[in-house]
>>> print(open('data07.tsv').read())   # TSV, C-alpha atoms
chain	number	residue	atom	x	y	z
M	12	GLU	CA	116.01	107.48	116.62
M	13	THR	CA	113.59	108.26	113.82
M	14	GLY	CA	114.60	111.91	113.35
M	15	VAL	CA	111.04	113.04	114.05
M	16	THR	CA	110.08	114.98	117.18
M	17	GLN	CA	106.73	116.29	118.39
M	18	SER	CA	105.61	118.89	120.89
M	19	PRO	CA	104.07	119.10	123.35
M	20	THR	CA	104.10	115.61	124.86
M	21	HIS	CA	100.76	116.07	126.58
M	22	LEU	CA	98.03	118.68	126.25
M	23	ILE	CA	94.72	119.27	127.98
M	24	LYS	CA	92.03	121.43	126.38
M	25	THR	CA	88.35	122.04	126.90
M	26	ARG	CA	85.58	121.44	124.42
M	27	GLY	CA	85.25	124.21	121.83
M	28	GLN	CA	88.85	125.39	122.11
M	29	GLN	CA	91.44	125.32	119.35
M	30	VAL	CA	94.78	123.48	119.50
M	31	THR	CA	98.02	123.43	117.49
M	32	LEU	CA	100.32	120.43	117.56
M	33	ARG	CA	103.84	120.59	116.18
M	34	CYS	CA	106.14	118.17	114.44
M	35	SER	CA	109.77	118.60	113.44
M	36	SER	CA	111.39	116.22	110.99
M	37	GLN	CA	114.99	115.72	109.93
M	38	SER	CA	116.46	117.43	106.91
M	39	GLY	CA	115.28	115.83	103.68
M	40	HIS	CA	111.92	114.66	104.98
M	41	ASN	CA	109.74	116.40	102.39
M	42	THR	CA	106.62	114.44	103.29
M	43	VAL	CA	104.77	114.60	106.59
M	44	SER	CA	101.66	112.69	107.54
M	45	TRP	CA	99.44	113.06	110.59
M	46	TYR	CA	97.52	110.26	112.27
M	47	GLN	CA	94.99	110.10	115.10
M	48	GLN	CA	95.17	107.10	117.40
M	49	ALA	CA	92.27	106.61	119.80
M	50	LEU	CA	92.88	104.48	122.87
M	51	GLY	CA	93.12	100.81	121.99
M	52	GLN	CA	92.88	101.44	118.24
M	53	GLY	CA	95.21	101.57	115.28
M	54	PRO	CA	96.17	105.00	113.95
M	55	GLN	CA	93.82	106.69	111.46
M	56	PHE	CA	95.23	108.80	108.61
M	57	ILE	CA	94.30	112.48	108.85
M	58	PHE	CA	96.27	113.98	105.94
M	59	GLN	CA	99.65	114.19	104.27
M	60	TYR	CA	101.72	117.12	103.07
M	61	TYR	CA	104.32	116.85	100.33
M	62	ARG	CA	106.54	119.80	99.55
M	63	GLU	CA	104.26	122.07	101.58
M	64	GLU	CA	101.03	121.14	99.79
M	65	GLU	CA	98.28	118.80	100.97
M	66	ASN	CA	98.69	115.51	99.13
M	67	GLY	CA	95.84	113.42	100.47
M	68	ARG	CA	93.27	113.48	103.22
M	69	GLY	CA	91.48	110.89	105.30
M	70	ASN	CA	87.92	110.97	106.56
M	71	PHE	CA	88.33	113.93	108.90
M	72	PRO	CA	86.27	117.17	108.91
M	73	PRO	CA	87.67	120.51	107.73
M	74	ARG	CA	88.23	121.67	111.31
M	75	PHE	CA	91.37	119.50	111.10
M	76	SER	CA	93.89	121.49	109.09
M	77	GLY	CA	97.63	121.52	108.65
M	78	LEU	CA	100.70	123.28	107.40
M	79	GLN	CA	104.14	122.15	106.32
M	80	PHE	CA	107.04	124.58	106.38
M	81	PRO	CA	110.27	124.73	104.33
M	82	ASN	CA	112.35	123.85	107.41
M	83	TYR	CA	110.74	120.34	107.57
M	84	SER	CA	108.44	121.29	110.43
M	85	SER	CA	104.69	120.87	110.39
M	86	GLU	CA	101.58	121.83	112.34
M	87	LEU	CA	98.25	120.15	112.92
M	88	ASN	CA	95.46	122.53	113.89
M	89	VAL	CA	92.15	121.39	115.29
M	90	ASN	CA	89.32	123.90	115.77
M	91	ALA	CA	86.18	123.58	117.86
M	92	LEU	CA	87.51	120.66	119.86
M	93	GLU	CA	85.14	117.82	120.67
M	94	LEU	CA	85.42	115.18	123.37
M	95	ASP	CA	86.05	112.52	120.70
M	96	ASP	CA	89.17	114.39	119.60
M	97	SER	CA	90.92	113.02	122.69
M	98	ALA	CA	93.63	110.78	121.28
M	99	LEU	CA	97.31	110.31	120.57
M	100	TYR	CA	98.34	112.35	117.53
M	101	LEU	CA	101.27	110.98	115.56
M	102	CYS	CA	103.24	112.61	112.79
M	103	ALA	CA	105.45	110.73	110.37
M	104	GLY	CA	108.12	112.04	108.02
M	105	GLY	CA	109.79	110.56	104.97
M	106	GLN	CA	111.91	111.33	101.94
M	107	GLY	CA	109.64	111.27	98.93
M	108	LEU	CA	106.38	109.51	98.28
M	109	LYS	CA	107.90	106.03	98.00
M	110	ASP	CA	109.94	106.20	101.19
M	111	THR	CA	109.08	104.55	104.49
M	112	GLN	CA	107.49	106.88	107.01
M	113	TYR	CA	109.21	107.39	110.35
M	114	PHE	CA	107.04	108.29	113.30
M	115	GLY	CA	107.49	110.77	116.10
M	116	PRO	CA	106.65	109.95	119.74
M	117	GLY	CA	103.21	111.53	119.55
M	118	THR	CA	101.22	114.16	121.43
M	119	ARG	CA	98.55	112.98	123.85
M	120	LEU	CA	95.56	115.35	123.62
M	121	THR	CA	92.84	115.25	126.24
M	122	VAL	CA	89.64	117.22	125.67
M	123	LEU	CA	87.51	117.86	128.75
Y	6	ALA	CA	88.77	100.89	100.32
Y	7	GLN	CA	91.53	98.80	101.76
Y	8	THR	CA	91.16	97.10	105.12
Y	9	VAL	CA	93.61	95.37	107.44
Y	10	THR	CA	92.59	92.77	109.99
Y	11	GLN	CA	94.59	91.45	112.92
Y	12	SER	CA	92.59	88.66	114.48
Y	13	GLN	CA	94.74	88.20	117.58
Y	14	PRO	CA	94.14	91.00	120.11
Y	15	GLU	CA	96.73	89.48	122.48
Y	16	MET	CA	99.55	86.97	122.22
Y	17	SER	CA	102.10	85.75	124.72
Y	18	VAL	CA	105.32	83.80	124.33
Y	19	GLN	CA	108.12	82.54	126.51
Y	20	GLU	CA	111.41	84.34	126.26
Y	21	ALA	CA	113.67	82.78	123.59
Y	22	GLU	CA	110.72	81.07	121.88
Y	23	THR	CA	109.21	81.88	118.49
Y	24	VAL	CA	105.87	83.60	117.95
Y	25	THR	CA	103.86	84.40	114.82
Y	26	LEU	CA	101.46	87.33	114.55
Y	27	SER	CA	98.73	87.17	111.89
Y	28	CYS	CA	97.50	89.83	109.50
Y	29	THR	CA	95.14	89.71	106.56
Y	30	TYR	CA	94.19	92.54	104.26
Y	31	ASP	CA	91.74	93.32	101.53
Y	32	THR	CA	92.58	95.25	98.39
Y	33	SER	CA	91.90	95.27	94.68
Y	34	GLU	CA	95.29	96.78	93.90
Y	35	SER	CA	98.21	94.76	92.56
Y	36	ASP	CA	101.04	97.01	93.74
Y	37	TYR	CA	101.32	98.04	97.35
Y	38	TYR	CA	103.48	97.95	100.46
Y	39	LEU	CA	102.95	96.11	103.71
Y	40	PHE	CA	104.52	96.96	107.03
Y	41	TRP	CA	104.79	95.77	110.57
Y	42	TYR	CA	105.19	98.51	113.16
Y	43	LYS	CA	105.92	98.06	116.86
Y	44	GLN	CA	104.54	100.46	119.47
Y	45	PRO	CA	106.03	100.01	122.96
Y	46	PRO	CA	104.58	101.77	126.02
Y	47	SER	CA	106.68	104.80	125.09
Y	48	ARG	CA	104.11	105.22	122.26
Y	49	GLN	CA	106.62	105.74	119.45
Y	50	MET	CA	105.71	103.72	116.37
Y	51	ILE	CA	108.82	101.87	115.24
Y	52	LEU	CA	109.18	100.23	111.84
Y	53	VAL	CA	109.92	96.51	112.18
Y	54	ILE	CA	109.80	95.31	108.59
Y	55	ARG	CA	108.60	96.35	105.14
Y	56	GLN	CA	107.50	94.25	102.16
Y	57	GLU	CA	106.88	95.36	98.60
Y	58	ALA	CA	104.06	93.36	97.02
Y	59	TYR	CA	105.93	92.89	93.73
Y	60	LYS	CA	108.74	91.06	95.54
Y	61	GLN	CA	108.08	87.37	95.97
Y	62	GLN	CA	110.90	86.95	98.47
Y	63	ASN	CA	109.83	87.35	102.06
Y	64	ALA	CA	111.48	90.25	103.91
Y	65	THR	CA	113.78	89.51	106.86
Y	66	GLU	CA	115.31	91.81	109.47
Y	67	ASN	CA	117.48	89.96	111.97
Y	68	ARG	CA	115.08	88.00	114.24
Y	69	PHE	CA	112.00	89.27	112.39
Y	70	SER	CA	110.67	87.72	109.20
Y	71	VAL	CA	107.41	87.73	107.31
Y	72	ASN	CA	105.36	85.16	105.45
Y	73	PHE	CA	103.79	87.09	102.58
Y	74	GLN	CA	101.09	85.19	100.71
Y	75	LYS	CA	99.82	87.60	98.05
Y	76	ALA	CA	97.06	85.40	96.67
Y	77	ALA	CA	95.71	84.74	100.14
Y	78	LYS	CA	96.24	88.41	101.14
Y	79	SER	CA	98.06	87.30	104.24
Y	80	PHE	CA	101.10	88.92	105.87
Y	81	SER	CA	102.25	87.29	109.10
Y	82	LEU	CA	105.21	88.32	111.27
Y	83	LYS	CA	107.49	85.75	112.87
Y	84	ILE	CA	109.66	86.76	115.80
Y	85	SER	CA	112.42	84.30	116.60
Y	86	ASP	CA	114.33	84.09	119.89
Y	87	SER	CA	111.84	86.43	121.59
Y	88	GLN	CA	113.35	88.97	123.95
Y	89	LEU	CA	111.79	90.98	126.78
Y	90	GLY	CA	112.27	94.13	124.72
Y	91	ASP	CA	109.96	92.74	122.04
Y	92	ALA	CA	106.96	93.30	124.32
Y	93	ALA	CA	104.74	95.88	122.62
Y	94	MET	CA	101.67	96.46	120.47
Y	95	TYR	CA	102.31	95.29	116.92
Y	96	PHE	CA	100.44	96.86	114.04
Y	97	CYS	CA	100.16	95.57	110.52
Y	98	ALA	CA	99.73	98.31	107.91
Y	99	TYR	CA	98.97	98.62	104.20
Y	100	ARG	CA	99.94	101.38	101.83
Y	101	SER	CA	99.05	101.85	98.18
Y	102	TYR	CA	101.90	102.10	95.70
Y	103	GLN	CA	100.48	105.25	94.14
Y	104	GLY	CA	99.16	108.45	95.59
Y	105	ALA	CA	99.43	109.71	99.14
Y	106	GLN	CA	101.40	107.70	101.67
Y	107	LYS	CA	98.26	106.76	103.55
Y	108	LEU	CA	98.91	103.89	105.93
Y	109	VAL	CA	95.89	101.75	106.75
Y	110	PHE	CA	96.45	100.04	110.09
Y	111	GLY	CA	94.98	96.98	111.70
Y	112	GLN	CA	93.69	97.01	115.27
Y	113	GLY	CA	96.95	95.72	116.69
Y	114	THR	CA	98.16	92.69	118.63
Y	115	ARG	CA	99.52	93.09	122.14
Y	116	LEU	CA	102.54	90.83	122.57
Y	117	THR	CA	103.66	89.80	126.05
Y	118	ILE	CA	107.01	88.11	126.65
Y	119	ASN	CA	107.13	85.81	129.68
Y	120	PRO	CA	110.55	85.49	131.35
>>> encode(input="data07.tsv", output="structure tokens")
Amino acid sequence: ETGVTQSPTHLIKTRGQQVTLRCSSQSGHNTVSWYQQALGQGPQFIFQYYREEENGRGNFPPRFSGLQFPNYSSELNVNALELDDSALYLCAGGQGLKDTQYFGPGTRLTVL
Amino acid sequence: AQTVTQSQPEMSVQEAETVTLSCTYDTSESDYYLFWYKQPPSRQMILVIRQEAYKQQNATENRFSVNFQKAAKSFSLKISDSQLGDAAMYFCAYRSYQGAQKLVFGQGTRLTINP
């Protein structure tokens, strides 16, 4: 058990729609990171939040946005979905910026 | 920018045998972390082992150990006494010591355990 959960497990959307993915981390996890994992690839860093503020961003467009809440939950929002957004989305929580990150089980997003 | 390379897309080993997975990385930084993560078909990324670059001693976790060669920028994972439950995708990952906790992953190695 990593103490990190994600919902939903699977999601199907159509091109142009908007989607919100959710992550819940155990108490004390004040960092949350989001990753996109395309089929057969390693995960790619989207962004990280630390104490509810964005603390770093990967090479993803602004239509990928996020929020972190005081209750250790987090959201990833993706606007104007494209077919290439189809992937497994992973969130990872940790205690502080030097701690190991613990991953959730992921949300599989399919864009048709 | 840092890069991580796993040159073995697939590996297989007989149950109870030993297998070594390779990883090389490129960085100009002197302080960083290296990780091996395991991703079974359930998709959850599970931490196997972590190494701080400033530590010369190789990390060990039960049947899992690493061979960290800082000068060569090499970080291999050895699995001893392989078990069926070890079958998974294995990812090597790099993280800078400073700044955001951005993990840079390799492409992964699919490990099959033959009974």
>>> residues_around(input="data07.tsv", residues="Phe80 in chain Y", least_positions_apart="2", cutoff="9 Å", atoms="all atoms listed in the file", output="number ranges by chain")
Y: 26-30, 39-40, 71-75, 77-78, 82, 97
>>> write_last_selection(input="data07.tsv", atoms="C-alpha atoms", output="short mmCIF file (atom, residue, chain, number, x, y, z; two decimals), in the frame of the given file")
data_model
loop_
_atom_site.label_atom_id
_atom_site.label_comp_id
_atom_site.auth_asym_id
_atom_site.auth_seq_id
_atom_site.Cartn_x
_atom_site.Cartn_y
_atom_site.Cartn_z
CA LEU Y 26 101.46 87.33 114.55
CA SER Y 27 98.73 87.17 111.89
CA CYS Y 28 97.50 89.83 109.50
CA THR Y 29 95.14 89.71 106.56
CA TYR Y 30 94.19 92.54 104.26
CA LEU Y 39 102.95 96.11 103.71
CA PHE Y 40 104.52 96.96 107.03
CA VAL Y 71 107.41 87.73 107.31
CA ASN Y 72 105.36 85.16 105.45
CA PHE Y 73 103.79 87.09 102.58
CA GLN Y 74 101.09 85.19 100.71
CA LYS Y 75 99.82 87.60 98.05
CA ALA Y 77 95.71 84.74 100.14
CA LYS Y 78 96.24 88.41 101.14
CA LEU Y 82 105.21 88.32 111.27
CA CYS Y 97 100.16 95.57 110.52
#
>>> closest_residue(input="data07.tsv", among="Y:Ser87, Y:Gln56, Y:Thr25, Y:Gln62", to="chain M", atoms="all atoms listed in the file")
Y:Gln56
>>> closest_residue(input="data07.tsv", among="M:Gln59, M:Thr25, M:Ser97, M:Gln106", to="chain Y", atoms="all atoms listed in the file")
M:Gln59
>>> closest_atom_pairs(input="data07.tsv", of="chain Y", to="chain M", cutoff="9 Å", atoms="only C-alpha atoms", output="JSON lines")
{"residue": "Y:Ser47", "atom": "CA", "partner": "M:Pro116", "partner_atom": "CA", "distance": 7.4}
{"residue": "Y:Arg48", "atom": "CA", "partner": "M:Pro116", "partner_atom": "CA", "distance": 5.9}
{"residue": "Y:Gln49", "atom": "CA", "partner": "M:Pro116", "partner_atom": "CA", "distance": 4.2}
{"residue": "Y:Met50", "atom": "CA", "partner": "M:Phe114", "partner_atom": "CA", "distance": 5.7}
{"residue": "Y:Ile51", "atom": "CA", "partner": "M:Phe114", "partner_atom": "CA", "distance": 6.9}
{"residue": "Y:Leu52", "atom": "CA", "partner": "M:Tyr113", "partner_atom": "CA", "distance": 7.3}
{"residue": "Y:Arg55", "atom": "CA", "partner": "M:Thr111", "partner_atom": "CA", "distance": 8.2}
{"residue": "Y:Phe96", "atom": "CA", "partner": "M:Gly53", "partner_atom": "CA", "distance": 7.1}
{"residue": "Y:Tyr102", "atom": "CA", "partner": "M:Lys109", "partner_atom": "CA", "distance": 7.5}
{"residue": "Y:Gln103", "atom": "CA", "partner": "M:Leu108", "partner_atom": "CA", "distance": 8.4}
{"residue": "Y:Gly104", "atom": "CA", "partner": "M:Gly67", "partner_atom": "CA", "distance": 7.7}
{"residue": "Y:Ala105", "atom": "CA", "partner": "M:Gly67", "partner_atom": "CA", "distance": 5.3}
{"residue": "Y:Gln106", "atom": "CA", "partner": "M:Leu108", "partner_atom": "CA", "distance": 6.3}
{"residue": "Y:Lys107", "atom": "CA", "partner": "M:Phe56", "partner_atom": "CA", "distance": 6.2}
{"residue": "Y:Leu108", "atom": "CA", "partner": "M:Phe56", "partner_atom": "CA", "distance": 6.7}
{"residue": "Y:Val109", "atom": "CA", "partner": "M:Gln55", "partner_atom": "CA", "distance": 7.1}
{"residue": "Y:Phe110", "atom": "CA", "partner": "M:Gly53", "partner_atom": "CA", "distance": 5.6}
{"residue": "Y:Gly111", "atom": "CA", "partner": "M:Gly53", "partner_atom": "CA", "distance": 5.8}
{"residue": "Y:Gln112", "atom": "CA", "partner": "M:Gly53", "partner_atom": "CA", "distance": 4.8}
{"residue": "Y:Gly113", "atom": "CA", "partner": "M:Gly53", "partner_atom": "CA", "distance": 6.3}
>>> write_last_selection(input="data07.tsv", atoms="C-alpha atoms", output="tab-separated table (two decimals), in the frame of the given file")
chain	number	residue	atom	x	y	z
Y	47	SER	CA	106.68	104.80	125.09
Y	48	ARG	CA	104.11	105.22	122.26
Y	49	GLN	CA	106.62	105.74	119.45
Y	50	MET	CA	105.71	103.72	116.37
Y	51	ILE	CA	108.82	101.87	115.24
Y	52	LEU	CA	109.18	100.23	111.84
Y	55	ARG	CA	108.60	96.35	105.14
Y	96	PHE	CA	100.44	96.86	114.04
Y	102	TYR	CA	101.90	102.10	95.70
Y	103	GLN	CA	100.48	105.25	94.14
Y	104	GLY	CA	99.16	108.45	95.59
Y	105	ALA	CA	99.43	109.71	99.14
Y	106	GLN	CA	101.40	107.70	101.67
Y	107	LYS	CA	98.26	106.76	103.55
Y	108	LEU	CA	98.91	103.89	105.93
Y	109	VAL	CA	95.89	101.75	106.75
Y	110	PHE	CA	96.45	100.04	110.09
Y	111	GLY	CA	94.98	96.98	111.70
Y	112	GLN	CA	93.69	97.01	115.27
Y	113	GLY	CA	96.95	95.72	116.69
>>> atom_distance(input="data07.tsv", atom1="CA of Arg62 in chain M", atom2="CA of Asn41 in chain M")
5.5 Å
>>> residues_around(input="data07.tsv", residues="Leu92 in chain M", least_positions_apart="6", cutoff="10 Å", atoms="only C-alpha atoms", output="list in words")
Lys24, Thr25, Arg26, Gly27, Gln28, Gln29, Val30, Arg74, Phe75, Thr121, Val122 and Leu123 of chain M
>>> closest_residue(input="data07.tsv", among="Y:Phe69, Y:Tyr38, Y:Tyr59, Y:Tyr99", to="Asp86 in chain Y", atoms="only C-alpha atoms")
Y:Phe69
>>> residues_near_point(input="data07.tsv", point="(111.8, 89.8, 125.2)", cutoff="9 Å", atoms="all atoms listed in the file", output="PDB file with C-alpha atoms, keeping the file's coordinate frame")
ATOM      1  CA  VAL Y  18     105.320  83.800 124.330  1.00  0.00           C
ATOM      2  CA  GLN Y  19     108.120  82.540 126.510  1.00  0.00           C
ATOM      3  CA  GLU Y  20     111.410  84.340 126.260  1.00  0.00           C
ATOM      4  CA  ALA Y  21     113.670  82.780 123.590  1.00  0.00           C
ATOM      5  CA  ASP Y  86     114.330  84.090 119.890  1.00  0.00           C
ATOM      6  CA  SER Y  87     111.840  86.430 121.590  1.00  0.00           C
ATOM      7  CA  GLN Y  88     113.350  88.970 123.950  1.00  0.00           C
ATOM      8  CA  LEU Y  89     111.790  90.980 126.780  1.00  0.00           C
ATOM      9  CA  GLY Y  90     112.270  94.130 124.720  1.00  0.00           C
ATOM     10  CA  ASP Y  91     109.960  92.740 122.040  1.00  0.00           C
ATOM     11  CA  ALA Y  92     106.960  93.300 124.320  1.00  0.00           C
ATOM     12  CA  THR Y 117     103.660  89.800 126.050  1.00  0.00           C
ATOM     13  CA  ILE Y 118     107.010  88.110 126.650  1.00  0.00           C
ATOM     14  CA  ASN Y 119     107.130  85.810 129.680  1.00  0.00           C
ATOM     15  CA  PRO Y 120     110.550  85.490 131.350  1.00  0.00           C
TER      16      PRO Y 120
END
>>> residues_near_point(input="data07.tsv", point="(109.8, 115.3, 116.5)", cutoff="6 Å", atoms="all atoms listed in the file", output="ChimeraX atom specification")
/M:15-17,34-36,115
>>> atom_distance(input="data07.tsv", atom1="CA of Thr31 in chain M", atom2="CA of Glu86 in chain M")
6.5 Å
>>> atom_distance(input="data07.tsv", atom1="CA of Met94 in chain Y", atom2="CA of Gln44 in chain Y")
5.0 Å
>>> closest_residue(input="data07.tsv", among="Y:Ser12, Y:Thr23, Y:Ser101, Y:Gln7", to="Asp36 in chain Y", atoms="all atoms listed in the file")
Y:Ser101
>>> closest_residue(input="data07.tsv", among="Y:Arg115, Y:Glu15, Y:Lys43, Y:Ser85", to="Thr65 in chain Y", atoms="only C-alpha atoms")
Y:Ser85
>>> decode(input="data07.tsv", residues="range 56-72 of chain Y", atoms="N, CA, C and O atoms", output="PDB file, in the first residue's frame")
ATOM      1  N   GLN Y  56      18.801   5.137  -4.497  1.00  0.00           N
ATOM      2  CA  GLN Y  56      20.237   5.378  -4.265  1.00  0.00           C
ATOM      3  C   GLN Y  56      20.497   6.876  -4.307  1.00  0.00           C
ATOM      4  O   GLN Y  56      20.076   7.555  -5.252  1.00  0.00           O
ATOM      5  N   GLU Y  57      21.165   7.385  -3.278  1.00  0.00           N
ATOM      6  CA  GLU Y  57      21.613   8.770  -3.309  1.00  0.00           C
ATOM      7  C   GLU Y  57      23.006   8.807  -3.934  1.00  0.00           C
ATOM      8  O   GLU Y  57      23.869   8.002  -3.570  1.00  0.00           O
ATOM      9  N   ALA Y  58      23.232   9.734  -4.836  1.00  0.00           N
ATOM     10  CA  ALA Y  58      24.498   9.758  -5.579  1.00  0.00           C
ATOM     11  C   ALA Y  58      25.703  10.024  -4.687  1.00  0.00           C
ATOM     12  O   ALA Y  58      26.818   9.608  -5.003  1.00  0.00           O
ATOM     13  N   TYR Y  59      25.497  10.708  -3.553  1.00  0.00           N
ATOM     14  CA  TYR Y  59      26.634  11.030  -2.692  1.00  0.00           C
ATOM     15  C   TYR Y  59      27.068   9.825  -1.855  1.00  0.00           C
ATOM     16  O   TYR Y  59      28.127   9.848  -1.227  1.00  0.00           O
ATOM     17  N   LYS Y  60      26.261   8.781  -1.843  1.00  0.00           N
ATOM     18  CA  LYS Y  60      26.612   7.572  -1.100  1.00  0.00           C
ATOM     19  C   LYS Y  60      27.358   6.604  -2.011  1.00  0.00           C
ATOM     20  O   LYS Y  60      26.847   6.201  -3.051  1.00  0.00           O
ATOM     21  N   GLN Y  61      28.549   6.230  -1.602  1.00  0.00           N
ATOM     22  CA  GLN Y  61      29.322   5.300  -2.421  1.00  0.00           C
ATOM     23  C   GLN Y  61      28.831   3.864  -2.258  1.00  0.00           C
ATOM     24  O   GLN Y  61      28.998   3.043  -3.160  1.00  0.00           O
ATOM     25  N   GLN Y  62      28.241   3.581  -1.107  1.00  0.00           N
ATOM     26  CA  GLN Y  62      27.775   2.215  -0.860  1.00  0.00           C
ATOM     27  C   GLN Y  62      26.534   1.929  -1.694  1.00  0.00           C
ATOM     28  O   GLN Y  62      25.595   2.725  -1.746  1.00  0.00           O
ATOM     29  N   ASN Y  63      26.537   0.779  -2.336  1.00  0.00           N
ATOM     30  CA  ASN Y  63      25.399   0.375  -3.147  1.00  0.00           C
ATOM     31  C   ASN Y  63      24.206   0.017  -2.268  1.00  0.00           C
ATOM     32  O   ASN Y  63      24.353  -0.689  -1.269  1.00  0.00           O
ATOM     33  N   ALA Y  64      23.018   0.486  -2.673  1.00  0.00           N
ATOM     34  CA  ALA Y  64      21.802   0.196  -1.909  1.00  0.00           C
ATOM     35  C   ALA Y  64      21.385  -1.268  -2.080  1.00  0.00           C
ATOM     36  O   ALA Y  64      21.608  -1.868  -3.142  1.00  0.00           O
ATOM     37  N   THR Y  65      20.782  -1.806  -1.035  1.00  0.00           N
ATOM     38  CA  THR Y  65      20.294  -3.193  -1.043  1.00  0.00           C
ATOM     39  C   THR Y  65      18.957  -3.241  -0.329  1.00  0.00           C
ATOM     40  O   THR Y  65      18.782  -2.600   0.715  1.00  0.00           O
ATOM     41  N   GLU Y  66      18.010  -3.974  -0.907  1.00  0.00           N
ATOM     42  CA  GLU Y  66      16.711  -4.215  -0.289  1.00  0.00           C
ATOM     43  C   GLU Y  66      16.367  -5.686  -0.492  1.00  0.00           C
ATOM     44  O   GLU Y  66      15.885  -6.077  -1.540  1.00  0.00           O
ATOM     45  N   ASN Y  67      16.659  -6.477   0.516  1.00  0.00           N
ATOM     46  CA  ASN Y  67      16.362  -7.927   0.462  1.00  0.00           C
ATOM     47  C   ASN Y  67      17.027  -8.550  -0.773  1.00  0.00           C
ATOM     48  O   ASN Y  67      18.251  -8.554  -0.879  1.00  0.00           O
ATOM     49  N   ARG Y  68      16.246  -9.054  -1.721  1.00  0.00           N
ATOM     50  CA  ARG Y  68      16.815  -9.745  -2.888  1.00  0.00           C
ATOM     51  C   ARG Y  68      17.258  -8.773  -3.994  1.00  0.00           C
ATOM     52  O   ARG Y  68      17.792  -9.204  -5.024  1.00  0.00           O
ATOM     53  N   PHE Y  69      17.033  -7.493  -3.793  1.00  0.00           N
ATOM     54  CA  PHE Y  69      17.330  -6.490  -4.804  1.00  0.00           C
ATOM     55  C   PHE Y  69      18.564  -5.682  -4.385  1.00  0.00           C
ATOM     56  O   PHE Y  69      18.643  -5.218  -3.240  1.00  0.00           O
ATOM     57  N   SER Y  70      19.478  -5.520  -5.303  1.00  0.00           N
ATOM     58  CA  SER Y  70      20.656  -4.697  -5.042  1.00  0.00           C
ATOM     59  C   SER Y  70      21.029  -3.954  -6.317  1.00  0.00           C
ATOM     60  O   SER Y  70      20.625  -4.344  -7.417  1.00  0.00           O
ATOM     61  N   VAL Y  71      21.785  -2.884  -6.132  1.00  0.00           N
ATOM     62  CA  VAL Y  71      22.206  -2.104  -7.294  1.00  0.00           C
ATOM     63  C   VAL Y  71      23.717  -2.080  -7.371  1.00  0.00           C
ATOM     64  O   VAL Y  71      24.420  -2.280  -6.384  1.00  0.00           O
ATOM     65  N   ASN Y  72      24.192  -1.830  -8.589  1.00  0.00           N
ATOM     66  CA  ASN Y  72      25.602  -1.560  -8.841  1.00  0.00           C
ATOM     67  C   ASN Y  72      25.669  -0.141  -9.399  1.00  0.00           C
ATOM     68  O   ASN Y  72      25.351   0.086 -10.568  1.00  0.00           O
TER      69      ASN Y  72
END
